[in-house]
Every structure is written in structure tokens, then in C-alpha cells.
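Colleague: Next comes model.cif, mmCIF, N, CA and C atoms:
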data_upload
#
loop_
_atom_site.label_atom_id
_atom_site.label_comp_id
_atom_site.auth_asym_id
_atom_site.auth_seq_id
_atom_site.Cartn_x
_atom_site.Cartn_y
_atom_site.Cartn_z
N MET A 6 -14.12 1.56 7.71
CA MET A 6 -13.11 2.03 6.77
C MET A 6 -11.99 0.99 6.68
N PRO A 7 -11.34 0.91 5.52
CA PRO A 7 -10.27 -0.06 5.34
C PRO A 7 -9.10 0.19 6.30
N ARG A 8 -8.48 -0.91 6.75
CA ARG A 8 -7.29 -0.84 7.61
C ARG A 8 -6.08 -1.13 6.73
N VAL A 9 -5.06 -0.28 6.83
CA VAL A 9 -3.84 -0.43 6.03
C VAL A 9 -2.68 -0.73 6.97
N CYS A 10 -1.97 -1.82 6.68
CA CYS A 10 -0.83 -2.24 7.50
C CYS A 10 0.41 -2.35 6.61
N PHE A 11 1.54 -1.96 7.16
CA PHE A 11 2.82 -2.03 6.46
C PHE A 11 3.73 -2.99 7.21
N THR A 12 4.54 -3.73 6.48
CA THR A 12 5.45 -4.67 7.12
C THR A 12 6.59 -3.93 7.81
N ALA A 13 7.22 -4.62 8.72
CA ALA A 13 8.29 -4.02 9.53
C ALA A 13 9.47 -3.53 8.70
N ASN A 14 9.76 -4.21 7.58
CA ASN A 14 10.91 -3.76 6.78
C ASN A 14 10.66 -2.38 6.17
N LEU A 15 9.43 -2.03 5.85
CA LEU A 15 9.13 -0.67 5.40
C LEU A 15 9.22 0.32 6.57
N ALA A 16 8.78 -0.11 7.72
CA ALA A 16 8.81 0.76 8.90
C ALA A 16 10.24 1.09 9.32
N ARG A 17 11.20 0.24 8.96
CA ARG A 17 12.60 0.54 9.28
C ARG A 17 13.13 1.68 8.42
N GLN A 18 12.53 1.91 7.25
CA GLN A 18 12.98 2.94 6.33
C GLN A 18 12.37 4.31 6.63
N THR A 19 11.12 4.32 7.03
CA THR A 19 10.39 5.56 7.30
C THR A 19 9.19 5.22 8.18
N ALA A 20 8.52 6.23 8.66
CA ALA A 20 7.31 5.99 9.46
C ALA A 20 6.29 5.25 8.61
N ALA A 21 5.75 4.17 9.14
CA ALA A 21 4.76 3.37 8.41
C ALA A 21 3.73 2.84 9.39
N PRO A 22 2.97 3.75 9.99
CA PRO A 22 2.01 3.31 11.00
C PRO A 22 0.80 2.61 10.38
N GLU A 23 0.26 1.65 11.12
CA GLU A 23 -1.02 1.05 10.72
C GLU A 23 -2.07 2.14 10.84
N CYS A 24 -2.99 2.21 9.87
CA CYS A 24 -4.00 3.25 9.94
C CYS A 24 -5.32 2.78 9.33
N VAL A 25 -6.35 3.48 9.67
CA VAL A 25 -7.68 3.24 9.14
C VAL A 25 -8.08 4.50 8.39
N VAL A 26 -8.33 4.35 7.08
CA VAL A 26 -8.63 5.51 6.23
C VAL A 26 -9.76 5.17 5.27
N ALA A 27 -10.38 6.20 4.74
CA ALA A 27 -11.45 6.01 3.76
C ALA A 27 -10.85 5.77 2.38
N GLY A 28 -11.57 5.03 1.54
CA GLY A 28 -11.15 4.82 0.17
C GLY A 28 -11.96 3.73 -0.48
N ASP A 29 -12.23 3.90 -1.79
CA ASP A 29 -12.97 2.91 -2.56
C ASP A 29 -12.05 2.03 -3.40
N THR A 30 -10.83 2.52 -3.64
CA THR A 30 -9.84 1.77 -4.42
C THR A 30 -8.51 1.79 -3.66
N VAL A 31 -7.58 0.98 -4.13
CA VAL A 31 -6.25 0.99 -3.52
C VAL A 31 -5.64 2.38 -3.66
N ALA A 32 -5.81 3.01 -4.83
CA ALA A 32 -5.25 4.35 -5.05
C ALA A 32 -5.81 5.36 -4.04
N ASP A 33 -7.13 5.35 -3.85
CA ASP A 33 -7.77 6.27 -2.89
C ASP A 33 -7.25 6.03 -1.48
N THR A 34 -7.18 4.77 -1.11
CA THR A 34 -6.79 4.41 0.25
C THR A 34 -5.33 4.80 0.52
N LEU A 35 -4.44 4.48 -0.42
CA LEU A 35 -3.04 4.85 -0.23
C LEU A 35 -2.86 6.37 -0.23
N ALA A 36 -3.62 7.08 -1.07
CA ALA A 36 -3.54 8.55 -1.08
C ALA A 36 -3.88 9.12 0.29
N ALA A 37 -4.88 8.53 0.93
CA ALA A 37 -5.26 8.99 2.27
C ALA A 37 -4.15 8.70 3.28
N VAL A 38 -3.48 7.57 3.14
CA VAL A 38 -2.36 7.25 4.03
C VAL A 38 -1.22 8.24 3.81
N PHE A 39 -0.92 8.53 2.54
CA PHE A 39 0.20 9.42 2.22
C PHE A 39 -0.05 10.86 2.65
N GLU A 40 -1.31 11.24 2.83
CA GLU A 40 -1.61 12.59 3.34
C GLU A 40 -1.04 12.76 4.74
N SER A 41 -1.14 11.71 5.56
CA SER A 41 -0.63 11.80 6.93
C SER A 41 0.83 11.38 7.04
N THR A 42 1.32 10.59 6.09
CA THR A 42 2.71 10.12 6.12
C THR A 42 3.31 10.26 4.72
N PRO A 43 3.61 11.47 4.28
CA PRO A 43 4.05 11.70 2.90
C PRO A 43 5.38 11.03 2.54
N THR A 44 6.28 10.83 3.47
CA THR A 44 7.57 10.21 3.14
C THR A 44 7.41 8.74 2.74
N LEU A 45 6.34 8.12 3.14
CA LEU A 45 6.09 6.72 2.82
C LEU A 45 5.81 6.52 1.32
N ARG A 46 5.26 7.53 0.67
CA ARG A 46 4.88 7.43 -0.74
C ARG A 46 6.02 6.96 -1.62
N GLY A 47 7.19 7.55 -1.47
CA GLY A 47 8.33 7.21 -2.30
C GLY A 47 8.84 5.78 -2.13
N TYR A 48 8.54 5.17 -1.02
CA TYR A 48 8.94 3.79 -0.79
C TYR A 48 7.94 2.81 -1.40
N VAL A 49 6.71 3.26 -1.62
CA VAL A 49 5.65 2.39 -2.12
C VAL A 49 5.39 2.60 -3.62
N LEU A 50 5.36 3.86 -4.06
CA LEU A 50 5.03 4.19 -5.45
C LEU A 50 6.21 4.79 -6.18
N ASP A 51 6.23 4.59 -7.50
CA ASP A 51 7.26 5.23 -8.31
C ASP A 51 6.81 6.63 -8.72
N ASP A 52 7.58 7.28 -9.58
CA ASP A 52 7.28 8.66 -9.97
C ASP A 52 5.98 8.80 -10.77
N GLN A 53 5.51 7.72 -11.39
CA GLN A 53 4.26 7.75 -12.14
C GLN A 53 3.06 7.32 -11.31
N GLY A 54 3.27 6.98 -10.06
CA GLY A 54 2.18 6.58 -9.18
C GLY A 54 1.86 5.10 -9.20
N ALA A 55 2.66 4.31 -9.89
CA ALA A 55 2.48 2.85 -9.92
C ALA A 55 3.26 2.24 -8.76
N LEU A 56 2.90 1.02 -8.39
CA LEU A 56 3.64 0.32 -7.34
C LEU A 56 5.08 0.09 -7.79
N ARG A 57 6.00 0.28 -6.89
CA ARG A 57 7.39 -0.06 -7.19
C ARG A 57 7.48 -1.57 -7.40
N LYS A 58 8.47 -2.00 -8.18
CA LYS A 58 8.62 -3.43 -8.51
C LYS A 58 8.76 -4.31 -7.27
N HIS A 59 9.39 -3.81 -6.25
CA HIS A 59 9.67 -4.61 -5.06
C HIS A 59 8.58 -4.52 -3.99
N VAL A 60 7.44 -3.91 -4.33
CA VAL A 60 6.35 -3.75 -3.36
C VAL A 60 5.16 -4.62 -3.79
N ALA A 61 4.56 -5.29 -2.83
CA ALA A 61 3.35 -6.09 -3.08
C ALA A 61 2.24 -5.57 -2.17
N VAL A 62 1.02 -5.53 -2.70
CA VAL A 62 -0.15 -5.08 -1.93
C VAL A 62 -1.20 -6.19 -1.99
N PHE A 63 -1.73 -6.52 -0.83
CA PHE A 63 -2.77 -7.54 -0.71
C PHE A 63 -4.02 -6.93 -0.09
N ILE A 64 -5.17 -7.26 -0.66
CA ILE A 64 -6.46 -6.86 -0.09
C ILE A 64 -7.12 -8.13 0.40
N ASP A 65 -7.35 -8.20 1.69
CA ASP A 65 -7.98 -9.38 2.29
C ASP A 65 -7.31 -10.67 1.85
N GLY A 66 -5.98 -10.66 1.79
CA GLY A 66 -5.20 -11.85 1.47
C GLY A 66 -4.99 -12.12 -0.01
N GLU A 67 -5.56 -11.30 -0.88
CA GLU A 67 -5.42 -11.49 -2.33
C GLU A 67 -4.54 -10.37 -2.90
N CYS A 68 -3.56 -10.77 -3.72
CA CYS A 68 -2.67 -9.80 -4.35
C CYS A 68 -3.48 -8.94 -5.34
N ILE A 69 -3.22 -7.63 -5.34
CA ILE A 69 -3.96 -6.77 -6.26
C ILE A 69 -3.57 -7.08 -7.70
N ARG A 70 -4.47 -6.77 -8.62
CA ARG A 70 -4.25 -7.04 -10.04
C ARG A 70 -3.66 -5.85 -10.78
N ASP A 71 -4.11 -4.65 -10.42
CA ASP A 71 -3.71 -3.44 -11.13
C ASP A 71 -2.57 -2.74 -10.37
N ARG A 72 -1.34 -3.02 -10.79
CA ARG A 72 -0.17 -2.43 -10.14
C ARG A 72 0.15 -1.04 -10.70
N ILE A 73 -0.50 -0.65 -11.79
CA ILE A 73 -0.19 0.64 -12.43
C ILE A 73 -1.12 1.74 -11.92
N SER A 74 -2.42 1.58 -12.09
CA SER A 74 -3.39 2.61 -11.68
C SER A 74 -4.01 2.36 -10.32
N LEU A 75 -3.79 1.17 -9.76
CA LEU A 75 -4.26 0.82 -8.42
C LEU A 75 -5.78 0.93 -8.29
N THR A 76 -6.49 0.42 -9.29
CA THR A 76 -7.94 0.54 -9.33
C THR A 76 -8.69 -0.60 -8.63
N ASP A 77 -7.97 -1.55 -8.04
CA ASP A 77 -8.65 -2.64 -7.33
C ASP A 77 -9.57 -2.08 -6.26
N SER A 78 -10.78 -2.64 -6.16
CA SER A 78 -11.78 -2.16 -5.21
C SER A 78 -11.43 -2.54 -3.78
N VAL A 79 -11.81 -1.67 -2.87
CA VAL A 79 -11.60 -1.88 -1.44
C VAL A 79 -12.96 -1.75 -0.76
N ARG A 80 -13.26 -2.69 0.13
CA ARG A 80 -14.51 -2.62 0.90
C ARG A 80 -14.27 -1.90 2.22
N GLU A 81 -15.34 -1.50 2.85
CA GLU A 81 -15.25 -0.84 4.18
C GLU A 81 -14.51 -1.70 5.18
N SER A 82 -14.69 -3.01 5.10
CA SER A 82 -14.10 -3.94 6.08
C SER A 82 -12.76 -4.53 5.63
N SER A 83 -12.23 -4.05 4.51
CA SER A 83 -11.00 -4.64 3.96
C SER A 83 -9.78 -4.37 4.83
N GLN A 84 -8.87 -5.32 4.78
CA GLN A 84 -7.55 -5.15 5.37
C GLN A 84 -6.55 -5.16 4.22
N ILE A 85 -5.76 -4.12 4.15
CA ILE A 85 -4.78 -3.96 3.08
C ILE A 85 -3.39 -4.11 3.70
N PHE A 86 -2.59 -5.00 3.11
CA PHE A 86 -1.23 -5.21 3.59
C PHE A 86 -0.27 -4.78 2.50
N VAL A 87 0.66 -3.91 2.88
CA VAL A 87 1.68 -3.43 1.94
C VAL A 87 3.01 -3.98 2.42
N MET A 88 3.70 -4.69 1.52
CA MET A 88 4.97 -5.29 1.92
C MET A 88 6.01 -5.09 0.85
N GLN A 89 7.23 -5.06 1.30
CA GLN A 89 8.37 -4.91 0.43
C GLN A 89 8.94 -6.30 0.18
N SER A 90 9.05 -6.68 -1.08
CA SER A 90 9.61 -8.00 -1.40
C SER A 90 11.11 -7.98 -1.11
N LEU A 91 11.58 -9.08 -0.62
CA LEU A 91 13.00 -9.23 -0.35
C LEU A 91 13.56 -10.28 -1.30
N SER A 92 14.78 -10.05 -1.74
CA SER A 92 15.40 -11.02 -2.63
C SER A 92 16.86 -11.19 -2.23
N GLY A 93 17.45 -12.15 -2.79
CA GLY A 93 18.86 -12.42 -2.49
C GLY A 93 19.10 -13.91 -2.42
N GLY A 94 20.31 -14.25 -2.19
CA GLY A 94 20.59 -15.67 -2.17
C GLY A 94 21.61 -16.05 -1.16
#
For the structure just supplied, provide its representation as C-alpha cells.
Modeller:
Amino acid sequence: MPRVCFTANLARQTAAPECVVAGDTVADTLAAVFESTPTLRGYVLDDQGALRKHVAVFIDGECIRDRISLTDSVRESSQIFVMQSLSGG
């Protein structure tokens, strides 16, 4: 099953444990994560279920293409990294 990891800056805001969950797409996989950690959803997705502007998701080192519906495919052996972009000067 895919492994989902969150960066430390998200973990400072709410519980963001690394987990292994079932899923065929990014949407399926994140939905499984949010079942066990529902407060994390609001930090990752907006009200329409799309990725927030400041969040990036990588599957096996590649940035996902579909930030709206999260339909990018996930393999059984995939590692998914969810990170919050930081900006400033």
C-alpha cells in the first residue's frame, strides 16, 4: 500500500503522522489518511477538495499534475510526500 508522509511544518499545525493506506489515486489515498486524521484535511485541501495553493504533493519524487481532482495514479509501492510551500523574503 502507498506510504504517505507529511513535512514537519504541517505537523506543527496539526497531527500529521506518516501512514500506509490503500488507494489507487491521490484522492483515494488522501481520503484514507483523512479518515484517521480529519483535522489534517483543512490544511491540505480547500473547500472544493482541491489542493490548497501552498501545498505540493509528490508521488515517487514527481509533482502531481491534477491539483483539482487529484486523479494522479498511485501504485502499491508509491511514496507520497505532502508539503507546505514556504515563501517570503
Colleague: Which residues are close to A:Glu23, i.e. within 9 Å by only C-alpha atoms, leaving aside same-chain residues fewer than 3 positions away? Reply as a ChimeraX atom specification.
Modeller: /A:8-11
Colleague: Keeping N, CA and C atoms for every residue in the selection just given, could you write it to a file as a PDB file, keeping the file's coordinate frame?
Modeller:
ATOM      1  N   ARG A   8      -8.480  -0.910   6.750  1.00  0.00           N
ATOM      2  CA  ARG A   8      -7.290  -0.840   7.610  1.00  0.00           C
ATOM      3  C   ARG A   8      -6.080  -1.130   6.730  1.00  0.00           C
ATOM      4  N   VAL A   9      -5.060  -0.280   6.830  1.00  0.00           N
ATOM      5  CA  VAL A   9      -3.840  -0.430   6.030  1.00  0.00           C
ATOM      6  C   VAL A   9      -2.680  -0.730   6.970  1.00  0.00           C
ATOM      7  N   CYS A  10      -1.970  -1.820   6.680  1.00  0.00           N
ATOM      8  CA  CYS A  10      -0.830  -2.240   7.500  1.00  0.00           C
ATOM      9  C   CYS A  10       0.410  -2.350   6.610  1.00  0.00           C
ATOM     10  N   PHE A  11       1.540  -1.960   7.160  1.00  0.00           N
ATOM     11  CA  PHE A  11       2.820  -2.030   6.460  1.00  0.00           C
ATOM     12  C   PHE A  11       3.730  -2.990   7.210  1.00  0.00           C
TER      13      PHE A  11
END
Colleague: Determine the residue set returned by the PyMOL selection byres (((chain A and resi 82-92 and name CA) around 9) and name CA) for the present structure, and present it as a list in words.
Modeller: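 That selection, the PyMOL selection byres (((chain A and resi 82-92 and name CA) around 9) and name CA), comes back as Met6, Pro7, Arg8, Val9, Cys10, Phe11, Thr12, Ala13, Asn14, Leu15, Val31, Tyr48, Val49, Lys58, His59, Val60, Ala61, Val62, Phe63, Ile64, Asp65, Gly66, Val79, Arg80, Glu81, Gly93 and Gly94 of chain A.
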Colleague: If you measure from atom CA of A:Asp77 to atom CA of A:Leu56, what distance in Å do you get, rounded to one decimal?
Modeller: 12.6 Å
Colleague: For A:Ser78, which of A:Leu45, A:Val26, A:Ala21, A:Ala32 is the closest residue, counting only C-alpha atoms?
Modeller: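 Checking each of A:Leu45, A:Val26, A:Ala21, A:Ala32 against A:Ser78, counting only C-alpha atoms, the winner is A:Ala32.
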Colleague: What parts of chain A does DSSP call helix (DSSP H, G or I)? I'd like the answer as a ChimeraX atom specification.
Modeller: /A:13-16,31-41,43-49
Colleague: Output, as lines of an AutoDock Vina configuration file, the centre and edge lengths in Å (one decimal) of the axis-aligned box that contains all listed atoms of stretch 12-21 of chain A with 6 Å of margin on each side.
Modeller:
center_x = 8.4
center_y = 0.8
center_z = 7.5
size_x = 21.4
size_y = 22.9
size_z = 16.1
Colleague: What's the separation between atom N of A:Thr19 and atom CA of A:Arg70, in Å to one decimal place?
Modeller: 25.6 Å
Colleague: Using DSSP on the backbone coordinates, identify all residues within chain A classified as strand (DSSP E); present the result as a list in words.
Modeller: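 Residues of chain A classed as strand (DSSP E): Arg8, Val9, Cys10, Phe11, Cys24, Val25, Val60, Ala61, Val62, Phe63, Ile64, Glu67, Cys68, Gln84, Ile85, Phe86, Val87, Met88 and Gln89 of chain A.
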Colleague: Store the residues picked out above, limited to N, CA and C atoms, as a PDB file, in the coordinates of the input.
Modeller:
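The new file result33.pdb reads:
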ATOM      1  N   ARG A   8      -8.480  -0.910   6.750  1.00  0.00           N
ATOM      2  CA  ARG A   8      -7.290  -0.840   7.610  1.00  0.00           C
ATOM      3  C   ARG A   8      -6.080  -1.130   6.730  1.00  0.00           C
ATOM      4  N   VAL A   9      -5.060  -0.280   6.830  1.00  0.00           N
ATOM      5  CA  VAL A   9      -3.840  -0.430   6.030  1.00  0.00           C
ATOM      6  C   VAL A   9      -2.680  -0.730   6.970  1.00  0.00           C
ATOM      7  N   CYS A  10      -1.970  -1.820   6.680  1.00  0.00           N
ATOM      8  CA  CYS A  10      -0.830  -2.240   7.500  1.00  0.00           C
ATOM      9  C   CYS A  10       0.410  -2.350   6.610  1.00  0.00           C
ATOM     10  N   PHE A  11       1.540  -1.960   7.160  1.00  0.00           N
ATOM     11  CA  PHE A  11       2.820  -2.030   6.460  1.00  0.00           C
ATOM     12  C   PHE A  11       3.730  -2.990   7.210  1.00  0.00           C
ATOM     13  N   CYS A  24      -2.990   2.210   9.870  1.00  0.00           N
ATOM     14  CA  CYS A  24      -4.000   3.250   9.940  1.00  0.00           C
ATOM     15  C   CYS A  24      -5.320   2.780   9.330  1.00  0.00           C
ATOM     16  N   VAL A  25      -6.350   3.480   9.670  1.00  0.00           N
ATOM     17  CA  VAL A  25      -7.680   3.240   9.140  1.00  0.00           C
ATOM     18  C   VAL A  25      -8.080   4.500   8.390  1.00  0.00           C
ATOM     19  N   VAL A  60       7.440  -3.910  -4.330  1.00  0.00           N
ATOM     20  CA  VAL A  60       6.350  -3.750  -3.360  1.00  0.00           C
ATOM     21  C   VAL A  60       5.160  -4.620  -3.790  1.00  0.00           C
ATOM     22  N   ALA A  61       4.560  -5.290  -2.830  1.00  0.00           N
ATOM     23  CA  ALA A  61       3.350  -6.090  -3.080  1.00  0.00           C
ATOM     24  C   ALA A  61       2.240  -5.570  -2.170  1.00  0.00           C
ATOM     25  N   VAL A  62       1.020  -5.530  -2.700  1.00  0.00           N
ATOM     26  CA  VAL A  62      -0.150  -5.080  -1.930  1.00  0.00           C
ATOM     27  C   VAL A  62      -1.200  -6.190  -1.990  1.00  0.00           C
ATOM     28  N   PHE A  63      -1.730  -6.520  -0.830  1.00  0.00           N
ATOM     29  CA  PHE A  63      -2.770  -7.540  -0.710  1.00  0.00           C
ATOM     30  C   PHE A  63      -4.020  -6.930  -0.090  1.00  0.00           C
ATOM     31  N   ILE A  64      -5.170  -7.260  -0.660  1.00  0.00           N
ATOM     32  CA  ILE A  64      -6.460  -6.860  -0.090  1.00  0.00           C
ATOM     33  C   ILE A  64      -7.120  -8.130   0.400  1.00  0.00           C
ATOM     34  N   GLU A  67      -5.560 -11.300  -0.880  1.00  0.00           N
ATOM     35  CA  GLU A  67      -5.420 -11.490  -2.330  1.00  0.00           C
ATOM     36  C   GLU A  67      -4.540 -10.370  -2.900  1.00  0.00           C
ATOM     37  N   CYS A  68      -3.560 -10.770  -3.720  1.00  0.00           N
ATOM     38  CA  CYS A  68      -2.670  -9.800  -4.350  1.00  0.00           C
ATOM     39  C   CYS A  68      -3.480  -8.940  -5.340  1.00  0.00           C
ATOM     40  N   GLN A  84      -8.870  -5.320   4.780  1.00  0.00           N
ATOM     41  CA  GLN A  84      -7.550  -5.150   5.370  1.00  0.00           C
ATOM     42  C   GLN A  84      -6.550  -5.160   4.220  1.00  0.00           C
ATOM     43  N   ILE A  85      -5.760  -4.120   4.150  1.00  0.00           N
ATOM     44  CA  ILE A  85      -4.780  -3.960   3.080  1.00  0.00           C
ATOM     45  C   ILE A  85      -3.390  -4.110   3.700  1.00  0.00           C
ATOM     46  N   PHE A  86      -2.590  -5.000   3.110  1.00  0.00           N
ATOM     47  CA  PHE A  86      -1.230  -5.210   3.590  1.00  0.00           C
ATOM     48  C   PHE A  86      -0.270  -4.780   2.500  1.00  0.00           C
ATOM     49  N   VAL A  87       0.660  -3.910   2.880  1.00  0.00           N
ATOM     50  CA  VAL A  87       1.680  -3.430   1.940  1.00  0.00           C
ATOM     51  C   VAL A  87       3.010  -3.980   2.420  1.00  0.00           C
ATOM     52  N   MET A  88       3.700  -4.690   1.520  1.00  0.00           N
ATOM     53  CA  MET A  88       4.970  -5.290   1.920  1.00  0.00           C
ATOM     54  C   MET A  88       6.010  -5.090   0.850  1.00  0.00           C
ATOM     55  N   GLN A  89       7.230  -5.060   1.300  1.00  0.00           N
ATOM     56  CA  GLN A  89       8.370  -4.910   0.430  1.00  0.00           C
ATOM     57  C   GLN A  89       8.940  -6.300   0.180  1.00  0.00           C
TER      58      GLN A  89
END
Colleague: Just give me the gap between atom CA of A:Val38 and atom N of A:Ala20 in Å, one decimal is fine.
Modeller: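 According to the coordinates, atom CA of A:Val38 and atom N of A:Ala20 are separated by 11.9 Å.
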Colleague: Just checking: using only C-alpha atoms, which residue out of A:Cys68, A:Ala16, A:Cys24, A:Ile73 ends up closest to A:Ser41?
Modeller: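 Nearest to A:Ser41: A:Cys24.
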